[in-house]
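Here is the structure we will look at.
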Amino acid sequence: MSLSIAWWPLLLNLLWAGAAAVGVAVYFNVPLRTLLGCALCGASAFTTRTLLMDSGQFSIELATGMAASLVTILGVFLGRRWHVPAIIFVVPGVIPLVPGVRAFQTMIDILILTTDGIQVNDTLLIDAAVNSIETTLIVCAIAGGIAIPTLLFRRRRPMT
Amino acid sequence: MKTLKHLIEQQSQNNNSTANETTPLDLIALTDIVDLAVWAGELLLENGSESRRVEETIRILGIGLGCDWGNVLISPHAIVATHTSGGQVRTTIRQLKKYVGEVNMTLIEEISHLTHRVEEGKYDRFRVRQELNRIAALPGQYKRWTTVLAVGMAGSAFSQLFGGDWPVFLVTFLSAAVAVVVRQELTKLAYNYYLVIMTSAFVAGGLVSLINSVHDIDRPDVALVSSVLFLVPGVPFINSIKDMIKGYPLVGLSRGVTAVLTIFAIALGLLLAMQLVGRNLL
């Protein structure tokens, strides 16, 4: 793994991921004083995943799961600091990781497949299958990544 | 015959008990507490909380207000709770008003605070009812145009992350903002959830396709996908898996099916818009 990182794209990545998380957080009606924490969580989640995937050692599912775990731990600390449930930081933070594009692609492939007629287009079929499996796995990775820290540090009530 | 509501009001007027009533509770108090607990649970479940939090909130509210124990059954569209106190048992079923909802984090935070106060013994049940009334009627934290701008900004931020340029940024901002207005208006008119989602996706996709047919933009696929990303049911997806992991497979499955149907509705709306304009952008 080389340590040479392109700083400028990384910075832009941080900025836009943070902006996306803030937008989602406003849509989810989070308390105003927690917006900054949401931006921090969103930026760190997306950038962690990008860095892990760029290093070439991790698949997208594993990278997503690790990013979600990191954000959950961050969210728990922020939540204790501001006296709010950690879920407020975690959910807007991981929303940018949700594989929306793959999910649409699956559904649109299926819809086009049925309208294409009798000759079944096998690349489309394979695309739909691969996309649906990847979507499911990534969603599971996000939820698992959120759940793992809360299951490890077991408390009387859920942390998130 | 006096109704239960009258009796509770009467108790509220000559209320000189301490915060935690001594057990065993009388039947009126027990009924009131079960009602309060499932109300809080309903608010949580309708606003994007996972089942574990709902169950614990209902139980902690009951115990904090003086019950011995609470048993909770959460199903996709109703909550059943039974609280006991000194041999007395009260059960109630509360049906959810909506099975898919907007996510409201402020409400979750307020109920979390309320639960802490009750657990510390600072609130009695009359105060809890006041607080729940206040929380249920709480207006949004942000003005409407702030929300619209924020969703537009989120969409265009996603388009930047997916490698779009500045024209794509602007187109995405516009179509996401229009689509969120459409969604809010149709939701206010109480149309079916999936119909609302499909129409919003159709509007967003149609706008991008129209702009693209008038003046070619660099990455129409990025604009198309980014402008409908706010419709993706991320919270139901995550809650679905979380519920299944934590031992509520029935609720988890139901949420998962809802999320997949929502995605299907979005794809249908996009496809319809693209076929009307006559170009497959994806």
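By order in the structure tokens, chains are A, B, ...; within a chain, residues start at 1; ligands start at 1, following the order shown.
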
For range 86-90 of chain B, please output as a compact mmCIF listing (two decimals) with all heavy atoms, in the first residue's frame all residues within 12 Å (counting only C-alpha atoms; exclusion window: fewer than 3 positions along the same chain).
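And here is the file that came out, selection-v2.txt:
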```txt
# COMPACT_ATOMS: atom_id res chain seq x y z
N THR B 22 -46.42 4.81 44.73
CA THR B 22 -46.07 3.56 45.38
C THR B 22 -46.93 2.44 44.81
O THR B 22 -48.12 2.62 44.57
CB THR B 22 -46.30 3.65 46.88
OG1 THR B 22 -47.59 4.20 47.09
CG2 THR B 22 -45.27 4.53 47.54
N THR B 23 -46.32 1.30 44.58
CA THR B 23 -47.07 0.16 44.06
C THR B 23 -47.92 -0.44 45.16
O THR B 23 -47.61 -0.28 46.34
CB THR B 23 -46.09 -0.90 43.53
OG1 THR B 23 -45.09 -1.09 44.53
CG2 THR B 23 -45.49 -0.48 42.23
N PRO B 24 -48.98 -1.16 44.85
CA PRO B 24 -49.51 -1.33 43.50
C PRO B 24 -50.33 -0.13 43.03
O PRO B 24 -50.95 0.53 43.84
CB PRO B 24 -50.39 -2.57 43.64
CG PRO B 24 -50.81 -2.57 45.07
CD PRO B 24 -49.69 -1.97 45.85
N LEU B 25 -50.27 0.09 41.72
CA LEU B 25 -51.02 1.19 41.14
C LEU B 25 -52.49 0.81 41.07
O LEU B 25 -52.83 -0.36 40.99
CB LEU B 25 -50.52 1.45 39.72
CG LEU B 25 -49.05 1.81 39.58
CD1 LEU B 25 -48.66 1.70 38.13
CD2 LEU B 25 -48.79 3.21 40.08
N ASP B 26 -53.36 1.84 41.09
CA ASP B 26 -54.76 1.50 40.83
C ASP B 26 -54.97 1.33 39.33
O ASP B 26 -54.12 1.67 38.53
CB ASP B 26 -55.71 2.54 41.44
CG ASP B 26 -55.51 3.91 40.85
OD1 ASP B 26 -55.34 3.98 39.62
OD2 ASP B 26 -55.51 4.89 41.61
N LEU B 27 -56.14 0.79 38.98
CA LEU B 27 -56.36 0.38 37.60
C LEU B 27 -56.35 1.56 36.63
O LEU B 27 -55.87 1.45 35.51
CB LEU B 27 -57.68 -0.37 37.51
CG LEU B 27 -57.70 -1.51 36.50
CD1 LEU B 27 -56.54 -2.43 36.71
CD2 LEU B 27 -59.01 -2.25 36.58
N ILE B 28 -56.85 2.70 37.13
CA ILE B 28 -56.88 3.88 36.25
C ILE B 28 -55.47 4.31 35.92
O ILE B 28 -55.13 4.58 34.76
CB ILE B 28 -57.64 5.03 36.94
CG1 ILE B 28 -59.07 4.59 37.23
CG2 ILE B 28 -57.65 6.25 36.07
CD1 ILE B 28 -59.77 5.52 38.18
N ALA B 29 -54.62 4.37 36.96
CA ALA B 29 -53.24 4.78 36.74
C ALA B 29 -52.54 3.82 35.79
O ALA B 29 -51.83 4.24 34.86
CB ALA B 29 -52.50 4.83 38.07
N LEU B 30 -52.76 2.51 36.01
CA LEU B 30 -52.11 1.51 35.16
C LEU B 30 -52.53 1.67 33.71
O LEU B 30 -51.70 1.66 32.79
CB LEU B 30 -52.46 0.12 35.68
CG LEU B 30 -51.67 -1.04 35.12
CD1 LEU B 30 -50.20 -0.83 35.32
CD2 LEU B 30 -52.10 -2.33 35.76
N THR B 31 -53.84 1.88 33.48
CA THR B 31 -54.33 2.07 32.12
C THR B 31 -53.69 3.28 31.48
O THR B 31 -53.26 3.25 30.32
CB THR B 31 -55.86 2.26 32.14
OG1 THR B 31 -56.43 1.26 32.95
CG2 THR B 31 -56.43 2.17 30.75
N ASP B 32 -53.62 4.36 32.26
CA ASP B 32 -53.03 5.60 31.76
C ASP B 32 -51.57 5.38 31.36
O ASP B 32 -51.13 5.81 30.29
CB ASP B 32 -53.12 6.66 32.86
CG ASP B 32 -52.96 8.05 32.31
OD1 ASP B 32 -53.22 8.22 31.10
OD2 ASP B 32 -52.56 8.95 33.06
N ILE B 33 -50.84 4.65 32.21
CA ILE B 33 -49.41 4.46 31.95
C ILE B 33 -49.18 3.61 30.71
O ILE B 33 -48.34 3.93 29.87
CB ILE B 33 -48.74 3.82 33.18
CG1 ILE B 33 -48.67 4.85 34.31
CG2 ILE B 33 -47.36 3.32 32.85
CD1 ILE B 33 -48.32 4.26 35.63
N VAL B 34 -49.97 2.54 30.56
CA VAL B 34 -49.82 1.70 29.36
C VAL B 34 -50.10 2.53 28.12
O VAL B 34 -49.39 2.45 27.11
CB VAL B 34 -50.76 0.48 29.43
CG1 VAL B 34 -50.61 -0.34 28.18
CG2 VAL B 34 -50.46 -0.36 30.62
N ASP B 35 -51.13 3.36 28.19
CA ASP B 35 -51.49 4.20 27.05
C ASP B 35 -50.35 5.15 26.70
O ASP B 35 -49.98 5.29 25.53
CB ASP B 35 -52.76 4.98 27.39
CG ASP B 35 -53.22 5.83 26.22
OD1 ASP B 35 -53.33 5.26 25.12
OD2 ASP B 35 -53.44 7.03 26.40
N ALA B 37 -47.17 4.80 27.39
CA ALA B 37 -45.99 4.06 26.92
C ALA B 37 -46.14 3.68 25.45
O ALA B 37 -45.23 3.88 24.65
CB ALA B 37 -45.76 2.83 27.78
N VAL B 38 -47.32 3.14 25.06
CA VAL B 38 -47.46 2.75 23.66
C VAL B 38 -47.56 3.96 22.74
O VAL B 38 -47.17 3.89 21.58
CB VAL B 38 -48.65 1.81 23.39
CG1 VAL B 38 -48.40 0.45 23.93
CG2 VAL B 38 -49.92 2.38 23.90
N GLY B 62 -42.87 2.43 31.34
CA GLY B 62 -43.77 1.76 32.26
C GLY B 62 -43.15 1.57 33.63
O GLY B 62 -43.74 1.91 34.66
N GLY B 66 -43.86 3.37 37.57
CA GLY B 66 -44.34 2.62 38.71
C GLY B 66 -44.85 1.22 38.46
O GLY B 66 -45.31 0.56 39.39
N CYS B 67 -44.78 0.74 37.21
CA CYS B 67 -45.20 -0.63 36.96
C CYS B 67 -44.09 -1.60 37.37
O CYS B 67 -42.94 -1.20 37.57
CB CYS B 67 -45.50 -0.85 35.48
SG CYS B 67 -46.84 0.15 34.89
N ASP B 68 -44.47 -2.88 37.50
CA ASP B 68 -43.47 -3.88 37.84
C ASP B 68 -42.69 -4.32 36.61
O ASP B 68 -41.48 -4.47 36.64
CB ASP B 68 -44.13 -5.11 38.47
CG ASP B 68 -44.79 -4.75 39.78
OD1 ASP B 68 -44.39 -3.73 40.36
OD2 ASP B 68 -45.71 -5.47 40.20
N TRP B 69 -43.40 -4.54 35.52
CA TRP B 69 -42.76 -5.04 34.32
C TRP B 69 -43.64 -4.72 33.13
O TRP B 69 -44.84 -4.49 33.30
CB TRP B 69 -42.50 -6.54 34.43
CG TRP B 69 -41.66 -7.09 33.32
CD1 TRP B 69 -42.06 -7.99 32.36
CD2 TRP B 69 -40.30 -6.77 33.02
NE1 TRP B 69 -41.03 -8.24 31.50
CE2 TRP B 69 -39.93 -7.51 31.88
CE3 TRP B 69 -39.36 -5.92 33.59
CZ2 TRP B 69 -38.67 -7.43 31.30
CZ3 TRP B 69 -38.09 -5.84 33.02
CH2 TRP B 69 -37.76 -6.60 31.89
N GLY B 70 -43.05 -4.73 31.94
CA GLY B 70 -43.83 -4.52 30.73
C GLY B 70 -43.44 -5.52 29.67
O GLY B 70 -42.26 -5.79 29.49
N ASN B 71 -44.44 -6.10 29.01
CA ASN B 71 -44.16 -6.99 27.88
C ASN B 71 -44.62 -6.30 26.61
O ASN B 71 -45.71 -5.74 26.57
CB ASN B 71 -44.91 -8.31 28.05
CG ASN B 71 -44.38 -9.09 29.23
OD1 ASN B 71 -43.21 -9.41 29.28
ND2 ASN B 71 -45.24 -9.35 30.19
N VAL B 72 -43.78 -6.35 25.60
CA VAL B 72 -44.06 -5.58 24.39
C VAL B 72 -44.00 -6.50 23.18
O VAL B 72 -43.08 -7.31 23.06
CB VAL B 72 -43.04 -4.45 24.22
CG1 VAL B 72 -43.41 -3.60 23.02
CG2 VAL B 72 -42.95 -3.61 25.46
N VAL B 80 -48.40 -3.91 20.65
CA VAL B 80 -49.16 -4.47 21.75
C VAL B 80 -48.29 -4.39 22.99
O VAL B 80 -47.13 -4.79 22.96
CB VAL B 80 -49.55 -5.94 21.49
CG1 VAL B 80 -50.42 -6.46 22.61
CG2 VAL B 80 -50.25 -6.07 20.17
N ALA B 81 -48.83 -3.85 24.09
CA ALA B 81 -48.05 -3.78 25.31
C ALA B 81 -48.89 -4.21 26.49
O ALA B 81 -50.09 -3.90 26.56
CB ALA B 81 -47.54 -2.36 25.54
N THR B 82 -48.28 -4.96 27.40
CA THR B 82 -48.94 -5.38 28.63
C THR B 82 -48.07 -4.95 29.79
O THR B 82 -46.90 -5.33 29.85
CB THR B 82 -49.12 -6.90 28.67
OG1 THR B 82 -49.93 -7.28 27.59
CG2 THR B 82 -49.78 -7.33 29.97
N HIS B 83 -48.62 -4.14 30.68
CA HIS B 83 -47.85 -3.74 31.86
C HIS B 83 -48.53 -4.32 33.10
O HIS B 83 -49.75 -4.42 33.16
CB HIS B 83 -47.75 -2.22 31.95
CG HIS B 83 -46.78 -1.65 30.97
ND1 HIS B 83 -46.01 -0.57 31.22
CD2 HIS B 83 -46.45 -2.04 29.72
CE1 HIS B 83 -45.26 -0.30 30.17
NE2 HIS B 83 -45.51 -1.18 29.24
N ILE B 93 -53.59 -2.34 22.57
CA ILE B 93 -53.08 -2.42 21.21
C ILE B 93 -53.13 -1.03 20.62
O ILE B 93 -54.14 -0.35 20.75
CB ILE B 93 -53.93 -3.36 20.33
CG1 ILE B 93 -53.96 -4.75 20.92
CG2 ILE B 93 -53.39 -3.41 18.92
CD1 ILE B 93 -54.82 -5.70 20.13
```

Sel. of alpha helix (DSSP H) residues, chain A, as JSON, numbers by chain: {"A": [7, 8, 9, 10, 11, 12, 13, 14, 15, 16, 17, 18, 19, 20, 21, 22, 23, 24, 25, 26, 27, 35, 36, 37, 38, 39, 40, 41, 42, 43, 44, 45, 46, 47, 48, 49, 50, 51, 52, 53, 54, 60, 61, 62, 63, 64, 65, 66, 67, 68, 69, 70, 71, 72, 73, 74, 75, 76, 77, 78, 79, 80, 81, 82, 87, 88, 89, 90, 91, 92, 93, 94, 100, 101, 102, 103, 104, 105, 106, 107, 108, 109, 110, 111, 112, 113, 114, 115, 122, 123, 124, 125, 126, 127, 128, 129, 130, 131, 132, 133, 134, 135, 136, 137, 138, 139, 140, 141, 142, 143, 144, 145, 146, 147, 148, 149, 150, 151, 152]}

Could you list, with a cut-off of 8 Å and counting only C-alpha atoms, the residues of chain B near chain A, each shown with its nearest atom pair and the distance in Å rounded to one decimal, rows sorted by chain and ascending number, as JSON lines?
```
{"residue": "B:Arg52", "atom": "CA", "partner": "A:Pro158", "partner_atom": "CA", "distance": 7.6}
{"residue": "B:Arg53", "atom": "CA", "partner": "A:Pro158", "partner_atom": "CA", "distance": 6.9}
{"residue": "B:Glu56", "atom": "CA", "partner": "A:Arg157", "partner_atom": "CA", "distance": 7.3}
{"residue": "B:Glu102", "atom": "CA", "partner": "A:Phe28", "partner_atom": "CA", "distance": 7.4}
{"residue": "B:Val103", "atom": "CA", "partner": "A:Phe28", "partner_atom": "CA", "distance": 5.1}
{"residue": "B:Asn104", "atom": "CA", "partner": "A:Phe28", "partner_atom": "CA", "distance": 5.3}
{"residue": "B:Met105", "atom": "CA", "partner": "A:Val30", "partner_atom": "CA", "distance": 4.8}
{"residue": "B:Thr106", "atom": "CA", "partner": "A:Val30", "partner_atom": "CA", "distance": 5.1}
{"residue": "B:Glu109", "atom": "CA", "partner": "A:Val84", "partner_atom": "CA", "distance": 6.1}
{"residue": "B:Ser112", "atom": "CA", "partner": "A:Pro85", "partner_atom": "CA", "distance": 7.1}
{"residue": "B:His113", "atom": "CA", "partner": "A:Val84", "partner_atom": "CA", "distance": 7.9}
{"residue": "B:Gly140", "atom": "CA", "partner": "A:Asn29", "partner_atom": "CA", "distance": 6.5}
{"residue": "B:Gln141", "atom": "CA", "partner": "A:Asn29", "partner_atom": "CA", "distance": 6.0}
{"residue": "B:Tyr142", "atom": "CA", "partner": "A:Asn29", "partner_atom": "CA", "distance": 7.1}
{"residue": "B:Thr147", "atom": "CA", "partner": "A:Tyr27", "partner_atom": "CA", "distance": 5.8}
{"residue": "B:Ala150", "atom": "CA", "partner": "A:Gly23", "partner_atom": "CA", "distance": 4.4}
{"residue": "B:Val151", "atom": "CA", "partner": "A:Gly23", "partner_atom": "CA", "distance": 5.3}
{"residue": "B:Gly152", "atom": "CA", "partner": "A:Gly23", "partner_atom": "CA", "distance": 7.7}
{"residue": "B:Met153", "atom": "CA", "partner": "A:Gly23", "partner_atom": "CA", "distance": 6.2}
{"residue": "B:Ala154", "atom": "CA", "partner": "A:Ala20", "partner_atom": "CA", "distance": 4.0}
{"residue": "B:Gly155", "atom": "CA", "partner": "A:Ala20", "partner_atom": "CA", "distance": 7.0}
{"residue": "B:Ala157", "atom": "CA", "partner": "A:Trp16", "partner_atom": "CA", "distance": 5.0}
{"residue": "B:Phe158", "atom": "CA", "partner": "A:Ala20", "partner_atom": "CA", "distance": 6.4}
{"residue": "B:Gln160", "atom": "CA", "partner": "A:Trp16", "partner_atom": "CA", "distance": 6.9}
{"residue": "B:Leu161", "atom": "CA", "partner": "A:Asn13", "partner_atom": "CA", "distance": 6.5}
{"residue": "B:Val225", "atom": "CA", "partner": "A:Val101", "partner_atom": "CA", "distance": 6.4}
{"residue": "B:Leu229", "atom": "CA", "partner": "A:Gly100", "partner_atom": "CA", "distance": 6.3}
{"residue": "B:Phe230", "atom": "CA", "partner": "A:Val24", "partner_atom": "CA", "distance": 7.5}
{"residue": "B:Val232", "atom": "CA", "partner": "A:Gly100", "partner_atom": "CA", "distance": 6.3}
{"residue": "B:Gly234", "atom": "CA", "partner": "A:Ile95", "partner_atom": "CA", "distance": 6.1}
{"residue": "B:Val235", "atom": "CA", "partner": "A:Val91", "partner_atom": "CA", "distance": 7.2}
{"residue": "B:Phe237", "atom": "CA", "partner": "A:Val139", "partner_atom": "CA", "distance": 6.8}
{"residue": "B:Ile238", "atom": "CA", "partner": "A:Ala143", "partner_atom": "CA", "distance": 5.2}
{"residue": "B:Asn239", "atom": "CA", "partner": "A:Ala143", "partner_atom": "CA", "distance": 7.4}
{"residue": "B:Ile241", "atom": "CA", "partner": "A:Ala143", "partner_atom": "CA", "distance": 5.8}
{"residue": "B:Lys242", "atom": "CA", "partner": "A:Ala143", "partner_atom": "CA", "distance": 5.7}
{"residue": "B:Ile245", "atom": "CA", "partner": "A:Ala147", "partner_atom": "CA", "distance": 8.0}
{"residue": "B:Ile263", "atom": "CA", "partner": "A:Phe104", "partner_atom": "CA", "distance": 6.6}
{"residue": "B:Phe264", "atom": "CA", "partner": "A:Met107", "partner_atom": "CA", "distance": 6.0}
{"residue": "B:Ile266", "atom": "CA", "partner": "A:Phe104", "partner_atom": "CA", "distance": 7.5}
{"residue": "B:Ala267", "atom": "CA", "partner": "A:Phe104", "partner_atom": "CA", "distance": 5.5}
{"residue": "B:Leu268", "atom": "CA", "partner": "A:Ile108", "partner_atom": "CA", "distance": 7.5}
{"residue": "B:Leu271", "atom": "CA", "partner": "A:Ile108", "partner_atom": "CA", "distance": 7.0}
```

Distance in Å - CA of Ala204 in chain B versus CA of Ala179 in chain B: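 Computing it gives 5.4 Å between the two atoms.
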
Gap from CA of Leu270 in chain B to CA of Trp166 in chain B - Å, one decimal: 22.4 Å

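The space between CA of Gly269 in chain B and CA of Ala201 in chain B spans 5.0 Å.
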
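DSSP on the backbone gives strand (DSSP E or B) for these parts of range 54-193 of chain B: Trp69, Gly70, Asn71, Val72, Leu73, Ile74, Ser75, Ala78, Ile79, Val80, Ala81, Thr82, His83, Thr84, Ser85, Gln88, Val89, Arg90, Thr91, Thr92, Ile93, Arg94 and Gln95 of chain B.
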
Convert the current residue selection to file output with N, CA, C and O atoms, as a PDB file, in the first residue's frame.
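Wrote it out as selection.pdb, contents follow:
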```pdb
ATOM      1  N   TRP B  69     -43.405  -4.544  35.524  1.00  0.00           N
ATOM      2  CA  TRP B  69     -42.759  -5.040  34.320  1.00  0.00           C
ATOM      3  C   TRP B  69     -43.644  -4.724  33.135  1.00  0.00           C
ATOM      4  O   TRP B  69     -44.841  -4.489  33.295  1.00  0.00           O
ATOM      5  N   GLY B  70     -43.051  -4.729  31.939  1.00  0.00           N
ATOM      6  CA  GLY B  70     -43.833  -4.521  30.728  1.00  0.00           C
ATOM      7  C   GLY B  70     -43.435  -5.521  29.673  1.00  0.00           C
ATOM      8  O   GLY B  70     -42.263  -5.787  29.489  1.00  0.00           O
ATOM      9  N   ASN B  71     -44.440  -6.097  29.005  1.00  0.00           N
ATOM     10  CA  ASN B  71     -44.163  -6.989  27.884  1.00  0.00           C
ATOM     11  C   ASN B  71     -44.621  -6.300  26.612  1.00  0.00           C
ATOM     12  O   ASN B  71     -45.712  -5.742  26.567  1.00  0.00           O
ATOM     13  N   VAL B  72     -43.783  -6.354  25.597  1.00  0.00           N
ATOM     14  CA  VAL B  72     -44.063  -5.585  24.393  1.00  0.00           C
ATOM     15  C   VAL B  72     -43.995  -6.497  23.179  1.00  0.00           C
ATOM     16  O   VAL B  72     -43.077  -7.307  23.059  1.00  0.00           O
ATOM     17  N   LEU B  73     -44.985  -6.378  22.291  1.00  0.00           N
ATOM     18  CA  LEU B  73     -44.943  -7.063  21.001  1.00  0.00           C
ATOM     19  C   LEU B  73     -45.013  -5.998  19.924  1.00  0.00           C
ATOM     20  O   LEU B  73     -45.948  -5.199  19.908  1.00  0.00           O
ATOM     21  N   ILE B  74     -44.009  -5.987  19.065  1.00  0.00           N
ATOM     22  CA  ILE B  74     -44.012  -5.010  17.981  1.00  0.00           C
ATOM     23  C   ILE B  74     -44.278  -5.748  16.686  1.00  0.00           C
ATOM     24  O   ILE B  74     -43.608  -6.727  16.364  1.00  0.00           O
ATOM     25  N   SER B  75     -45.279  -5.311  15.961  1.00  0.00           N
ATOM     26  CA  SER B  75     -45.545  -5.878  14.654  1.00  0.00           C
ATOM     27  C   SER B  75     -45.478  -4.731  13.649  1.00  0.00           C
ATOM     28  O   SER B  75     -45.443  -3.568  14.046  1.00  0.00           O
ATOM     29  N   ALA B  78     -48.750  -2.416  14.225  1.00  0.00           N
ATOM     30  CA  ALA B  78     -49.393  -2.172  15.509  1.00  0.00           C
ATOM     31  C   ALA B  78     -48.416  -2.516  16.630  1.00  0.00           C
ATOM     32  O   ALA B  78     -47.480  -3.287  16.431  1.00  0.00           O
ATOM     33  N   ILE B  79     -48.654  -1.924  17.790  1.00  0.00           N
ATOM     34  CA  ILE B  79     -47.847  -2.249  18.962  1.00  0.00           C
ATOM     35  C   ILE B  79     -48.788  -2.802  20.027  1.00  0.00           C
ATOM     36  O   ILE B  79     -49.849  -2.236  20.270  1.00  0.00           O
ATOM     37  N   VAL B  80     -48.399  -3.914  20.646  1.00  0.00           N
ATOM     38  CA  VAL B  80     -49.164  -4.467  21.752  1.00  0.00           C
ATOM     39  C   VAL B  80     -48.289  -4.389  22.993  1.00  0.00           C
ATOM     40  O   VAL B  80     -47.131  -4.790  22.955  1.00  0.00           O
ATOM     41  N   ALA B  81     -48.834  -3.853  24.090  1.00  0.00           N
ATOM     42  CA  ALA B  81     -48.047  -3.776  25.311  1.00  0.00           C
ATOM     43  C   ALA B  81     -48.895  -4.213  26.492  1.00  0.00           C
ATOM     44  O   ALA B  81     -50.086  -3.897  26.564  1.00  0.00           O
ATOM     45  N   THR B  82     -48.279  -4.962  27.399  1.00  0.00           N
ATOM     46  CA  THR B  82     -48.945  -5.376  28.629  1.00  0.00           C
ATOM     47  C   THR B  82     -48.067  -4.952  29.794  1.00  0.00           C
ATOM     48  O   THR B  82     -46.896  -5.326  29.845  1.00  0.00           O
ATOM     49  N   HIS B  83     -48.617  -4.135  30.682  1.00  0.00           N
ATOM     50  CA  HIS B  83     -47.852  -3.737  31.862  1.00  0.00           C
ATOM     51  C   HIS B  83     -48.533  -4.315  33.097  1.00  0.00           C
ATOM     52  O   HIS B  83     -49.753  -4.419  33.155  1.00  0.00           O
ATOM     53  N   THR B  84     -47.704  -4.682  34.079  1.00  0.00           N
ATOM     54  CA  THR B  84     -48.252  -5.292  35.277  1.00  0.00           C
ATOM     55  C   THR B  84     -47.866  -4.475  36.499  1.00  0.00           C
ATOM     56  O   THR B  84     -46.828  -3.818  36.524  1.00  0.00           O
ATOM     57  N   SER B  85     -48.740  -4.522  37.498  1.00  0.00           N
ATOM     58  CA  SER B  85     -48.420  -3.866  38.752  1.00  0.00           C
ATOM     59  C   SER B  85     -49.174  -4.570  39.863  1.00  0.00           C
ATOM     60  O   SER B  85     -50.401  -4.580  39.880  1.00  0.00           O
ATOM     61  N   GLN B  88     -52.116  -6.750  39.025  1.00  0.00           N
ATOM     62  CA  GLN B  88     -53.027  -6.189  38.032  1.00  0.00           C
ATOM     63  C   GLN B  88     -52.338  -6.179  36.673  1.00  0.00           C
ATOM     64  O   GLN B  88     -51.144  -5.918  36.586  1.00  0.00           O
ATOM     65  N   VAL B  89     -53.120  -6.409  35.629  1.00  0.00           N
ATOM     66  CA  VAL B  89     -52.552  -6.458  34.288  1.00  0.00           C
ATOM     67  C   VAL B  89     -53.378  -5.578  33.360  1.00  0.00           C
ATOM     68  O   VAL B  89     -54.600  -5.578  33.449  1.00  0.00           O
ATOM     69  N   ARG B  90     -52.704  -4.807  32.552  1.00  0.00           N
ATOM     70  CA  ARG B  90     -53.417  -4.005  31.551  1.00  0.00           C
ATOM     71  C   ARG B  90     -52.744  -4.198  30.196  1.00  0.00           C
ATOM     72  O   ARG B  90     -51.526  -4.079  30.077  1.00  0.00           O
ATOM     73  N   THR B  91     -53.517  -4.491  29.174  1.00  0.00           N
ATOM     74  CA  THR B  91     -52.988  -4.681  27.827  1.00  0.00           C
ATOM     75  C   THR B  91     -53.623  -3.667  26.895  1.00  0.00           C
ATOM     76  O   THR B  91     -54.798  -3.357  27.046  1.00  0.00           O
ATOM     77  N   THR B  92     -52.851  -3.179  25.958  1.00  0.00           N
ATOM     78  CA  THR B  92     -53.447  -2.296  24.960  1.00  0.00           C
ATOM     79  C   THR B  92     -52.792  -2.524  23.605  1.00  0.00           C
ATOM     80  O   THR B  92     -51.630  -2.911  23.519  1.00  0.00           O
ATOM     81  N   ILE B  93     -53.590  -2.337  22.573  1.00  0.00           N
ATOM     82  CA  ILE B  93     -53.080  -2.421  21.208  1.00  0.00           C
ATOM     83  C   ILE B  93     -53.134  -1.032  20.624  1.00  0.00           C
ATOM     84  O   ILE B  93     -54.144  -0.352  20.746  1.00  0.00           O
ATOM     85  N   ARG B  94     -52.065  -0.595  20.024  1.00  0.00           N
ATOM     86  CA  ARG B  94     -52.088   0.701  19.359  1.00  0.00           C
ATOM     87  C   ARG B  94     -51.714   0.505  17.904  1.00  0.00           C
ATOM     88  O   ARG B  94     -50.624   0.024  17.591  1.00  0.00           O
ATOM     89  N   GLN B  95     -52.630   0.874  17.042  1.00  0.00           N
ATOM     90  CA  GLN B  95     -52.378   0.723  15.625  1.00  0.00           C
ATOM     91  C   GLN B  95     -51.601   1.931  15.113  1.00  0.00           C
ATOM     92  O   GLN B  95     -51.856   3.053  15.551  1.00  0.00           O
TER      93      GLN B  95
END
```

Residue neighbourhood Pro167 in chain B, 12 Å, only C-alpha atoms, exclusion window fewer than 5 positions, as a ChimeraX atom specification: /B:156,159-160,172-174,208,211-212,215-220,222-223

Nearest residue to Pro139 in chain B from the set B:Leu107, B:Arg127, B:Gly278, B:Pro233 (distances using only C-alpha atoms):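 Nearest to Pro139 in chain B: B:Leu107.
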